[in-house]
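**Student:** Coordinates in model-v9.pdb, PDB, C-alpha atoms, are listed below.
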```pdb
ATOM      1  CA  MET A 444      10.583  21.468  -7.054
ATOM      2  CA  LYS A 445       8.344  23.562  -9.264
ATOM      3  CA  ASN A 446       7.002  22.410 -12.593
ATOM      4  CA  THR A 447       5.125  23.767 -15.573
ATOM      5  CA  LEU A 448       3.406  20.530 -16.420
ATOM      6  CA  LYS A 449      -0.082  22.018 -16.427
ATOM      7  CA  VAL A 450       0.987  24.801 -18.803
ATOM      8  CA  GLU A 451       2.757  22.375 -21.130
ATOM      9  CA  ARG A 452      -0.285  20.136 -21.113
ATOM     10  CA  ALA A 453      -2.538  23.057 -21.961
ATOM     11  CA  LYS A 454      -0.263  24.025 -24.852
ATOM     12  CA  LEU A 455      -0.547  20.540 -26.298
ATOM     13  CA  ASN A 456      -4.225  20.364 -25.344
ATOM     14  CA  ILE A 457      -4.014  16.926 -23.728
ATOM     15  CA  THR A 458      -5.722  15.674 -20.592
ATOM     16  CA  GLN A 459      -4.003  14.244 -17.512
ATOM     17  CA  GLN A 460      -5.236  10.788 -18.532
ATOM     18  CA  GLU A 461      -3.792  11.129 -22.044
ATOM     19  CA  LEU A 462      -0.426  12.198 -20.656
ATOM     20  CA  ALA A 463      -0.559   9.383 -18.095
ATOM     21  CA  ASP A 464      -1.194   6.853 -20.876
ATOM     22  CA  LYS A 465       1.714   8.215 -22.916
ATOM     23  CA  VAL A 466       4.196   7.832 -20.053
ATOM     24  CA  SER A 467       2.621   4.625 -18.630
ATOM     25  CA  VAL A 468       1.631   5.900 -15.197
ATOM     26  CA  SER A 469      -1.715   6.508 -13.476
ATOM     27  CA  ARG A 470      -3.701   9.737 -13.770
ATOM     28  CA  GLN A 471      -3.257  10.236 -10.014
ATOM     29  CA  THR A 472       0.526  10.292 -10.505
ATOM     30  CA  ILE A 473       0.268  13.072 -13.103
ATOM     31  CA  ASN A 474      -2.160  14.943 -10.833
ATOM     32  CA  SER A 475       0.247  14.632  -7.882
ATOM     33  CA  ILE A 476       3.176  15.882  -9.967
ATOM     34  CA  GLU A 477       1.134  18.863 -11.189
ATOM     35  CA  ALA A 478       0.069  19.670  -7.617
ATOM     36  CA  GLU A 479       3.733  19.371  -6.560
ATOM     37  CA  ARG A 480       2.915  16.658  -4.047
ATOM     38  CA  TYR A 481       5.197  14.178  -5.772
ATOM     39  CA  VAL A 482       8.591  14.601  -7.434
ATOM     40  CA  PRO A 483       8.984  12.179 -10.367
ATOM     41  CA  SER A 484      12.013   9.981 -10.944
ATOM     42  CA  THR A 485      14.586  10.932 -13.565
ATOM     43  CA  VAL A 486      13.176   8.315 -15.938
ATOM     44  CA  LEU A 487       9.624   9.647 -15.646
ATOM     45  CA  ALA A 488      10.792  13.279 -15.927
ATOM     46  CA  ILE A 489      12.626  12.423 -19.176
ATOM     47  CA  LYS A 490       9.592  10.554 -20.514
ATOM     48  CA  ILE A 491       7.384  13.581 -19.757
ATOM     49  CA  SER A 492       9.831  15.994 -21.394
ATOM     50  CA  GLU A 493       9.914  13.772 -24.492
ATOM     51  CA  VAL A 494       6.124  13.991 -24.778
ATOM     52  CA  PHE A 495       6.349  17.793 -24.790
ATOM     53  CA  LYS A 496       9.457  17.735 -27.039
ATOM     54  CA  THR A 497      11.433  19.869 -24.631
ATOM     55  CA  THR A 498      14.140  19.432 -21.981
ATOM     56  CA  VAL A 499      13.587  18.300 -18.385
ATOM     57  CA  ASN A 500      14.925  21.657 -17.127
ATOM     58  CA  GLU A 501      12.236  23.505 -19.060
ATOM     59  CA  ILE A 502       9.493  21.677 -17.189
ATOM     60  CA  PHE A 503      11.050  20.993 -13.772
ATOM     61  CA  LYS A 504      12.855  23.735 -11.888
ATOM     62  CA  LEU A 505      14.646  23.566  -8.568
ATOM     63  CA  GLU A 506      13.536  25.850  -5.750
ATOM     64  CA  LYS A 507      15.773  27.538  -3.172
ATOM     65  CA  ASP A 508      15.205  24.888  -0.502
ATOM     66  CA  ASP A 509      15.806  21.920  -2.870
TER      67      ASP A 509
ATOM     68  CA  MET B1270      16.326   2.491 -20.376
ATOM     69  CA  GLU B1271      15.487   0.207 -17.453
ATOM     70  CA  SER B1272      18.536  -1.521 -16.043
ATOM     71  CA  LYS B1273      18.230  -5.090 -14.776
ATOM     72  CA  LYS B1274      20.761  -4.367 -12.037
ATOM     73  CA  CYS B1275      18.762  -1.466 -10.642
ATOM     74  CA  LYS B1276      15.124  -2.526 -10.767
ATOM     75  CA  LYS B1277      13.014  -0.149  -8.722
ATOM     76  CA  GLU B1278       9.843  -2.206  -8.487
ATOM     77  CA  PRO B1279       9.532  -4.422  -5.416
ATOM     78  CA  PHE B1280       8.268  -7.976  -5.680
ATOM     79  CA  LEU B1281       4.481  -7.945  -5.737
ATOM     80  CA  LEU B1282       1.945 -10.621  -6.514
ATOM     81  CA  PRO B1283      -0.235 -10.320  -9.645
ATOM     82  CA  GLU B1284      -3.402  -8.198  -9.388
ATOM     83  CA  TYR B1285      -5.779 -11.195  -9.219
ATOM     84  CA  PHE B1286      -4.304 -12.101  -5.815
ATOM     85  CA  LYS B1287      -6.470  -9.316  -4.318
ATOM     86  CA  LYS B1288      -9.544 -11.394  -5.188
ATOM     87  CA  VAL B1289      -7.798 -14.600  -4.080
ATOM     88  CA  GLY B1290      -7.007 -12.910  -0.755
ATOM     89  CA  LEU B1291     -10.613 -11.826  -0.233
ATOM     90  CA  VAL B1292     -11.845 -15.353  -1.015
ATOM     91  CA  VAL B1293      -9.307 -16.842   1.439
ATOM     92  CA  MET B1294     -10.387 -14.367   4.165
ATOM     93  CA  ILE B1295     -14.089 -15.069   3.641
ATOM     94  CA  SER B1296     -13.577 -18.838   3.471
ATOM     95  CA  ALA B1297     -11.630 -18.658   6.744
ATOM     96  CA  PHE B1298     -14.484 -16.973   8.575
ATOM     97  CA  VAL B1299     -17.560 -18.614   7.069
ATOM     98  CA  PRO B1300     -16.880 -22.054   8.699
ATOM     99  CA  ALA B1301     -16.156 -20.290  12.003
ATOM    100  CA  ILE B1302     -19.488 -18.445  11.881
ATOM    101  CA  ILE B1303     -21.362 -21.623  10.888
ATOM    102  CA  ILE B1304     -19.779 -23.645  13.710
ATOM    103  CA  LYS B1305     -20.567 -20.864  16.199
ATOM    104  CA  ALA B1306     -24.154 -20.516  14.954
ATOM    105  CA  MET B1307     -24.805 -24.259  15.007
ATOM    106  CA  SER B1308     -22.960 -24.522  18.356
ATOM    107  CA  VAL B1309     -21.032 -27.602  17.257
ATOM    108  CA  GLU B1310     -19.411 -29.495  20.125
ATOM    109  CA  MET B1311     -15.609 -29.618  19.872
ATOM    110  CA  ILE B1312     -12.904 -30.796  22.228
ATOM    111  CA  GLN B1313     -10.281 -28.282  23.396
ATOM    112  CA  SER B1314      -7.564 -29.457  20.973
ATOM    113  CA  GLN B1315     -10.001 -29.257  18.046
ATOM    114  CA  LYS B1316     -11.027 -25.764  19.114
ATOM    115  CA  GLU B1317      -7.396 -24.611  19.268
ATOM    116  CA  LEU B1318      -6.577 -26.162  15.922
ATOM    117  CA  PHE B1319      -9.630 -24.547  14.350
ATOM    118  CA  HIS B1320      -8.742 -21.177  15.895
ATOM    119  CA  VAL B1321      -5.158 -21.372  14.556
ATOM    120  CA  PHE B1322      -6.383 -22.436  11.121
ATOM    121  CA  THR B1323      -8.917 -19.579  10.921
ATOM    122  CA  LEU B1324      -6.446 -16.894  12.003
ATOM    123  CA  ASN B1325      -3.672 -18.217   9.728
ATOM    124  CA  ALA B1326      -5.984 -18.286   6.730
ATOM    125  CA  PHE B1327      -7.176 -14.754   7.527
ATOM    126  CA  ILE B1328      -3.571 -13.513   7.788
ATOM    127  CA  LEU B1329      -2.690 -15.225   4.505
ATOM    128  CA  GLY B1330      -5.685 -13.555   2.840
ATOM    129  CA  LEU B1331      -4.658 -10.153   4.205
ATOM    130  CA  LEU B1332      -1.100 -10.740   2.965
ATOM    131  CA  PHE B1333      -2.381 -11.539  -0.525
ATOM    132  CA  VAL B1334      -4.456  -8.338  -0.589
ATOM    133  CA  ALA B1335      -1.601  -6.209   0.779
ATOM    134  CA  TRP B1336       1.114  -7.666  -1.453
ATOM    135  CA  SER B1337      -0.677  -7.706  -4.790
ATOM    136  CA  LYS B1338      -0.283  -5.162  -7.537
ATOM    137  CA  ASP B1339      -2.791  -2.426  -8.256
ATOM    138  CA  LYS B1340      -4.431  -2.036 -11.649
ATOM    139  CA  ILE B1341      -1.831   0.597 -12.529
ATOM    140  CA  GLU B1342       1.342   0.034 -10.573
ATOM    141  CA  ASP B1343       3.815   2.864 -11.089
ATOM    142  CA  GLU B1344       6.593   4.639  -9.208
ATOM    143  CA  MET B1345       4.172   6.664  -7.085
ATOM    144  CA  THR B1346       2.362   3.565  -5.835
ATOM    145  CA  VAL B1347       5.776   2.128  -4.881
ATOM    146  CA  PHE B1348       6.467   5.372  -2.997
ATOM    147  CA  ILE B1349       3.079   5.200  -1.231
ATOM    148  CA  ARG B1350       3.694   1.550  -0.312
ATOM    149  CA  LEU B1351       7.046   2.492   1.190
ATOM    150  CA  LYS B1352       5.461   5.293   3.242
ATOM    151  CA  ALA B1353       2.663   2.990   4.429
ATOM    152  CA  MET B1354       5.232   0.339   5.421
ATOM    153  CA  ALA B1355       7.340   2.885   7.311
ATOM    154  CA  LEU B1356       4.255   4.155   9.178
ATOM    155  CA  THR B1357       3.178   0.589   9.989
ATOM    156  CA  PHE B1358       6.606  -0.413  11.264
ATOM    157  CA  THR B1359       6.973   2.753  13.365
ATOM    158  CA  SER B1360       3.525   2.382  14.916
ATOM    159  CA  ALA B1361       4.186  -1.309  15.687
ATOM    160  CA  VAL B1362       7.421  -0.395  17.474
ATOM    161  CA  LEU B1363       5.643   2.394  19.401
ATOM    162  CA  CYS B1364       2.839  -0.005  20.377
ATOM    163  CA  VAL B1365       5.343  -2.562  21.677
ATOM    164  CA  ILE B1366       6.951   0.173  23.794
ATOM    165  CA  ILE B1367       3.715   1.772  25.052
ATOM    166  CA  VAL B1368       1.472  -1.281  25.660
ATOM    167  CA  PRO B1369       3.388  -2.612  28.744
ATOM    168  CA  PHE B1370       2.986   0.807  30.406
ATOM    169  CA  ILE B1371      -0.756   0.830  29.713
ATOM    170  CA  ASP B1372      -0.838  -2.682  31.153
ATOM    171  CA  LEU B1373       0.918  -1.466  34.305
ATOM    172  CA  LEU B1374      -1.299   1.606  34.664
ATOM    173  CA  PHE B1375      -4.664  -0.058  34.158
ATOM    174  CA  LYS B1376      -3.805  -3.557  35.445
ATOM    175  CA  ASN B1377      -5.305  -4.981  32.304
ATOM    176  CA  PRO B1378      -3.342  -7.738  30.562
ATOM    177  CA  ILE B1379      -3.382  -6.295  27.058
ATOM    178  CA  ALA B1380       0.387  -6.814  26.878
ATOM    179  CA  ASN B1381      -0.295 -10.495  26.204
ATOM    180  CA  ILE B1382      -0.754  -9.845  22.523
ATOM    181  CA  THR B1383       0.123 -12.846  20.376
ATOM    182  CA  GLY B1384       2.352 -12.716  17.329
ATOM    183  CA  ARG B1385      -0.630 -13.468  15.102
ATOM    184  CA  GLN B1386      -2.542 -10.475  16.490
ATOM    185  CA  VAL B1387       0.464  -8.193  15.907
ATOM    186  CA  VAL B1388       0.911  -9.404  12.323
ATOM    187  CA  MET B1389      -2.817  -9.094  11.636
ATOM    188  CA  SER B1390      -3.033  -5.551  12.999
ATOM    189  CA  MET B1391       0.120  -4.565  11.095
ATOM    190  CA  LEU B1392      -1.370  -5.834   7.839
ATOM    191  CA  PHE B1393      -4.666  -4.020   8.573
ATOM    192  CA  PHE B1394      -2.814  -0.807   9.410
ATOM    193  CA  TYR B1395      -0.646  -1.084   6.288
ATOM    194  CA  LEU B1396      -3.705  -1.534   4.057
ATOM    195  CA  MET B1397      -5.487   1.376   5.741
ATOM    196  CA  MET B1398      -2.474   3.673   5.360
ATOM    197  CA  TYR B1399      -1.922   2.624   1.750
ATOM    198  CA  TYR B1400      -5.499   3.249   0.606
ATOM    199  CA  PHE B1401      -5.843   6.393   2.727
ATOM    200  CA  GLN B1402      -2.740   7.914   1.119
ATOM    201  CA  LYS B1403      -3.769   6.770  -2.337
ATOM    202  CA  ARG B1404      -7.207   8.381  -1.939
ATOM    203  CA  GLY B1405      -5.581  11.644  -0.893
ATOM    204  CA  ARG B1406      -3.660  11.916  -4.174
TER     205      ARG B1406
END
```
As structure tokens, please, write out the structure in this file.
**Tutor:**
Amino acid sequence: MKNTLKVERAKLNITQQELADKVSVSRQTINSIEAERYVPSTVLAIKISEVFKTTVNEIFKLEKDD
Amino acid sequence: MESKKCKKEPFLLPEYFKKVGLVVMISAFVPAIIIKAMSVEMIQSQKELFHVFTLNAFILGLLFVAWSKDKIEDEMTVFIRLKAMALTFTSAVLCVIIVPFIDLLFKNPIANITGRQVVMSMLFFYLMMYYFQKRGR
């Protein structure tokens, strides 16, 4: 699963730590999601999309092999 | 949004249990070292009892460290814990299968591993895997 988390974060000019605090997870979790090493749960994906005031589909996109 | 019926978080002890675990582990070994250093005379039954007590306390300490929450416990730490547990369980099963063959090949009785030793090595392995994976994130 691809994501545009880094881009969205840059648009809002917030750090990984700030985003992590907003969605109540660790900075490592945000880093892992950005590096596509970890796929977040539906709850966390919705929380992240709410921070960026967009939809989950705008940030997370399925790849061919998903 | 969180449903009570479908709670994802496993049962874990509070964070301070990590410190409690370390204290338990140290306090299990300090008397053993002192007794060894002072070469205190003990009868066989006392020795066995002391050995059991030391190992049990050490295992309990390890359990406290392994089963206590991190500073920030989130869904990824739960995922890492699950992976570490799966790796630990798989390696324990493989060890149980392989060790008797090593014993046969080298005529060395390492197959006589006690339950306490298995549990202790599983807890060590779990902790190693957990922190190794967490560092890699």
**Student:** Write down, as a list in words, each residue of chain B that has any atom within 7 Å of an atom of chain A, counting only C-alpha atoms.
**Tutor:** Ile1341, Asp1343, Met1345 and Arg1406 of chain B
**Student:** How would you write, as a list in words, the residues chosen by the PyMOL selection byres ((chain B and resi 1293-1308) around 6) on this structure?
**Tutor:**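 In the shown coordinates, the PyMOL selection byres ((chain B and resi 1293-1308) around 6) covers Gly1290, Leu1291, Val1292, Val1309, Thr1323, Ala1326, Phe1327 and Gly1330 of chain B.
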**Student:** Kindly give the distance, in Å, that separates atom CA of B:Thr1346 and atom CA of B:Lys1403, rounded to a single decimal.
**Tutor:**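 Between atom CA of B:Thr1346 and atom CA of B:Lys1403 the gap works out to 7.8 Å.
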**Student:** Could you tell me which residues the PyMOL selection byres ((chain A and resi 504) around 12) grabs in this file, written as a ChimeraX atom specification?
**Tutor:** /A:444-448,479,482,488,498-503,505-509
**Student:** Take the residues just selected and output them with C-alpha atoms as a PDB file, in the coordinates of the input.
**Tutor:**
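Output saved as selection34.pdb:
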```pdb
ATOM      1  CA  MET A 444      10.583  21.468  -7.054  1.00  0.00           C
ATOM      2  CA  LYS A 445       8.344  23.562  -9.264  1.00  0.00           C
ATOM      3  CA  ASN A 446       7.002  22.410 -12.593  1.00  0.00           C
ATOM      4  CA  THR A 447       5.125  23.767 -15.573  1.00  0.00           C
ATOM      5  CA  LEU A 448       3.406  20.530 -16.420  1.00  0.00           C
ATOM      6  CA  GLU A 479       3.733  19.371  -6.560  1.00  0.00           C
ATOM      7  CA  VAL A 482       8.591  14.601  -7.434  1.00  0.00           C
ATOM      8  CA  ALA A 488      10.792  13.279 -15.927  1.00  0.00           C
ATOM      9  CA  THR A 498      14.140  19.432 -21.981  1.00  0.00           C
ATOM     10  CA  VAL A 499      13.587  18.300 -18.385  1.00  0.00           C
ATOM     11  CA  ASN A 500      14.925  21.657 -17.127  1.00  0.00           C
ATOM     12  CA  GLU A 501      12.236  23.505 -19.060  1.00  0.00           C
ATOM     13  CA  ILE A 502       9.493  21.677 -17.189  1.00  0.00           C
ATOM     14  CA  PHE A 503      11.050  20.993 -13.772  1.00  0.00           C
ATOM     15  CA  LEU A 505      14.646  23.566  -8.568  1.00  0.00           C
ATOM     16  CA  GLU A 506      13.536  25.850  -5.750  1.00  0.00           C
ATOM     17  CA  LYS A 507      15.773  27.538  -3.172  1.00  0.00           C
ATOM     18  CA  ASP A 508      15.205  24.888  -0.502  1.00  0.00           C
ATOM     19  CA  ASP A 509      15.806  21.920  -2.870  1.00  0.00           C
TER      20      ASP A 509
END
```
**Student:** Translate the PyMOL selection byres ((chain B and resi 1337) around 12), as applied to the file shown, into an explicit residue set as a PDB file with C-alpha atoms, in the frame of the given file.
**Tutor:**
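What ended up in out08.pdb:
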```
ATOM      1  CA  PRO B1279       9.532  -4.422  -5.416  1.00  0.00           C
ATOM      2  CA  PHE B1280       8.268  -7.976  -5.680  1.00  0.00           C
ATOM      3  CA  LEU B1281       4.481  -7.945  -5.737  1.00  0.00           C
ATOM      4  CA  LEU B1282       1.945 -10.621  -6.514  1.00  0.00           C
ATOM      5  CA  PRO B1283      -0.235 -10.320  -9.645  1.00  0.00           C
ATOM      6  CA  GLU B1284      -3.402  -8.198  -9.388  1.00  0.00           C
ATOM      7  CA  TYR B1285      -5.779 -11.195  -9.219  1.00  0.00           C
ATOM      8  CA  PHE B1286      -4.304 -12.101  -5.815  1.00  0.00           C
ATOM      9  CA  LYS B1287      -6.470  -9.316  -4.318  1.00  0.00           C
ATOM     10  CA  LYS B1288      -9.544 -11.394  -5.188  1.00  0.00           C
ATOM     11  CA  VAL B1289      -7.798 -14.600  -4.080  1.00  0.00           C
ATOM     12  CA  GLY B1290      -7.007 -12.910  -0.755  1.00  0.00           C
ATOM     13  CA  LEU B1291     -10.613 -11.826  -0.233  1.00  0.00           C
ATOM     14  CA  GLY B1330      -5.685 -13.555   2.840  1.00  0.00           C
ATOM     15  CA  LEU B1331      -4.658 -10.153   4.205  1.00  0.00           C
ATOM     16  CA  LEU B1332      -1.100 -10.740   2.965  1.00  0.00           C
ATOM     17  CA  PHE B1333      -2.381 -11.539  -0.525  1.00  0.00           C
ATOM     18  CA  VAL B1334      -4.456  -8.338  -0.589  1.00  0.00           C
ATOM     19  CA  ALA B1335      -1.601  -6.209   0.779  1.00  0.00           C
ATOM     20  CA  TRP B1336       1.114  -7.666  -1.453  1.00  0.00           C
ATOM     21  CA  LYS B1338      -0.283  -5.162  -7.537  1.00  0.00           C
ATOM     22  CA  ASP B1339      -2.791  -2.426  -8.256  1.00  0.00           C
ATOM     23  CA  LYS B1340      -4.431  -2.036 -11.649  1.00  0.00           C
ATOM     24  CA  ILE B1341      -1.831   0.597 -12.529  1.00  0.00           C
ATOM     25  CA  GLU B1342       1.342   0.034 -10.573  1.00  0.00           C
ATOM     26  CA  THR B1346       2.362   3.565  -5.835  1.00  0.00           C
ATOM     27  CA  VAL B1347       5.776   2.128  -4.881  1.00  0.00           C
ATOM     28  CA  ARG B1350       3.694   1.550  -0.312  1.00  0.00           C
ATOM     29  CA  LEU B1396      -3.705  -1.534   4.057  1.00  0.00           C
TER      30      LEU B1396
END
```
**Student:** Please, what distance in Å, to one decimal, runs between atom CA of B:Ala1361 and atom CA of B:Met1391?
**Tutor:**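 The value is 6.9 Å.
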**Student:** Go ahead and compute the interatomic distance for atom CA of B:Leu1392 and atom CA of B:Ile1328, in Å to one decimal.
**Tutor:**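 Distance between the two atoms: 8.0 Å.
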**Student:** Enclose the full set of atoms of stretch 1280-1283 of chain B listed in the file within a box whose edges lie along x, y and z, apply 4 Å of padding to each of the six sides, and report centre and edge lengths in Å to one decimal as AutoDock Vina command-line options.
**Tutor:**
```
--center_x 4.0 --center_y -9.3 --center_z -7.7 --size_x 16.5 --size_y 10.7 --size_z 12.0
```
**Student:** Place N, CA and C atoms on stretch 463-485 of chain A and deliver the coordinates as a PDB file, in the coordinates of the input.
**Tutor:**
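Final output, selection-v6.pdb:
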```
ATOM      1  N   ALA A 463      -0.853  10.563 -18.913  1.00  0.00           N
ATOM      2  CA  ALA A 463      -0.559   9.383 -18.095  1.00  0.00           C
ATOM      3  C   ALA A 463      -0.399   8.137 -18.972  1.00  0.00           C
ATOM      4  N   ASP A 464      -1.286   8.004 -19.963  1.00  0.00           N
ATOM      5  CA  ASP A 464      -1.194   6.853 -20.876  1.00  0.00           C
ATOM      6  C   ASP A 464       0.096   6.880 -21.690  1.00  0.00           C
ATOM      7  N   LYS A 465       0.490   8.088 -22.100  1.00  0.00           N
ATOM      8  CA  LYS A 465       1.714   8.215 -22.916  1.00  0.00           C
ATOM      9  C   LYS A 465       2.967   7.831 -22.139  1.00  0.00           C
ATOM     10  N   VAL A 466       2.993   8.126 -20.846  1.00  0.00           N
ATOM     11  CA  VAL A 466       4.196   7.832 -20.053  1.00  0.00           C
ATOM     12  C   VAL A 466       4.019   6.603 -19.139  1.00  0.00           C
ATOM     13  N   SER A 467       2.914   5.894 -19.349  1.00  0.00           N
ATOM     14  CA  SER A 467       2.621   4.625 -18.630  1.00  0.00           C
ATOM     15  C   SER A 467       2.590   4.763 -17.107  1.00  0.00           C
ATOM     16  N   VAL A 468       1.880   5.777 -16.640  1.00  0.00           N
ATOM     17  CA  VAL A 468       1.631   5.900 -15.197  1.00  0.00           C
ATOM     18  C   VAL A 468       0.139   6.147 -14.990  1.00  0.00           C
ATOM     19  N   SER A 469      -0.291   6.247 -13.731  1.00  0.00           N
ATOM     20  CA  SER A 469      -1.715   6.508 -13.476  1.00  0.00           C
ATOM     21  C   SER A 469      -2.007   8.012 -13.550  1.00  0.00           C
ATOM     22  N   ARG A 470      -3.290   8.336 -13.720  1.00  0.00           N
ATOM     23  CA  ARG A 470      -3.701   9.737 -13.770  1.00  0.00           C
ATOM     24  C   ARG A 470      -3.395  10.434 -12.441  1.00  0.00           C
ATOM     25  N   GLN A 471      -3.546   9.671 -11.351  1.00  0.00           N
ATOM     26  CA  GLN A 471      -3.257  10.236 -10.014  1.00  0.00           C
ATOM     27  C   GLN A 471      -1.793  10.685  -9.899  1.00  0.00           C
ATOM     28  N   THR A 472      -0.900   9.933 -10.553  1.00  0.00           N
ATOM     29  CA  THR A 472       0.526  10.292 -10.505  1.00  0.00           C
ATOM     30  C   THR A 472       0.748  11.632 -11.204  1.00  0.00           C
ATOM     31  N   ILE A 473       0.141  11.791 -12.370  1.00  0.00           N
ATOM     32  CA  ILE A 473       0.268  13.072 -13.103  1.00  0.00           C
ATOM     33  C   ILE A 473      -0.337  14.202 -12.274  1.00  0.00           C
ATOM     34  N   ASN A 474      -1.499  13.942 -11.675  1.00  0.00           N
ATOM     35  CA  ASN A 474      -2.160  14.943 -10.833  1.00  0.00           C
ATOM     36  C   ASN A 474      -1.265  15.338  -9.649  1.00  0.00           C
ATOM     37  N   SER A 475      -0.635  14.349  -9.026  1.00  0.00           N
ATOM     38  CA  SER A 475       0.247  14.632  -7.882  1.00  0.00           C
ATOM     39  C   SER A 475       1.472  15.435  -8.300  1.00  0.00           C
ATOM     40  N   ILE A 476       2.006  15.130  -9.484  1.00  0.00           N
ATOM     41  CA  ILE A 476       3.176  15.882  -9.967  1.00  0.00           C
ATOM     42  C   ILE A 476       2.762  17.334 -10.228  1.00  0.00           C
ATOM     43  N   GLU A 477       1.625  17.508 -10.886  1.00  0.00           N
ATOM     44  CA  GLU A 477       1.134  18.863 -11.189  1.00  0.00           C
ATOM     45  C   GLU A 477       0.892  19.670  -9.913  1.00  0.00           C
ATOM     46  N   ALA A 478       0.363  18.995  -8.895  1.00  0.00           N
ATOM     47  CA  ALA A 478       0.069  19.670  -7.617  1.00  0.00           C
ATOM     48  C   ALA A 478       1.313  19.794  -6.727  1.00  0.00           C
ATOM     49  N   GLU A 479       2.435  19.338  -7.262  1.00  0.00           N
ATOM     50  CA  GLU A 479       3.733  19.371  -6.560  1.00  0.00           C
ATOM     51  C   GLU A 479       3.712  18.601  -5.237  1.00  0.00           C
ATOM     52  N   ARG A 480       2.931  17.542  -5.212  1.00  0.00           N
ATOM     53  CA  ARG A 480       2.915  16.658  -4.047  1.00  0.00           C
ATOM     54  C   ARG A 480       3.885  15.496  -4.240  1.00  0.00           C
ATOM     55  N   TYR A 481       4.300  15.289  -5.490  1.00  0.00           N
ATOM     56  CA  TYR A 481       5.197  14.178  -5.772  1.00  0.00           C
ATOM     57  C   TYR A 481       6.242  14.607  -6.805  1.00  0.00           C
ATOM     58  N   VAL A 482       7.494  14.272  -6.506  1.00  0.00           N
ATOM     59  CA  VAL A 482       8.591  14.601  -7.434  1.00  0.00           C
ATOM     60  C   VAL A 482       8.896  13.336  -8.243  1.00  0.00           C
ATOM     61  N   PRO A 483       8.772  13.405  -9.574  1.00  0.00           N
ATOM     62  CA  PRO A 483       8.984  12.179 -10.367  1.00  0.00           C
ATOM     63  C   PRO A 483      10.443  11.754 -10.413  1.00  0.00           C
ATOM     64  N   SER A 484      10.648  10.488 -10.778  1.00  0.00           N
ATOM     65  CA  SER A 484      12.013   9.981 -10.944  1.00  0.00           C
ATOM     66  C   SER A 484      12.616  10.577 -12.214  1.00  0.00           C
ATOM     67  N   THR A 485      13.904  10.402 -12.374  1.00  0.00           N
ATOM     68  CA  THR A 485      14.586  10.932 -13.565  1.00  0.00           C
ATOM     69  C   THR A 485      13.980  10.311 -14.831  1.00  0.00           C
TER      70      THR A 485
END
```
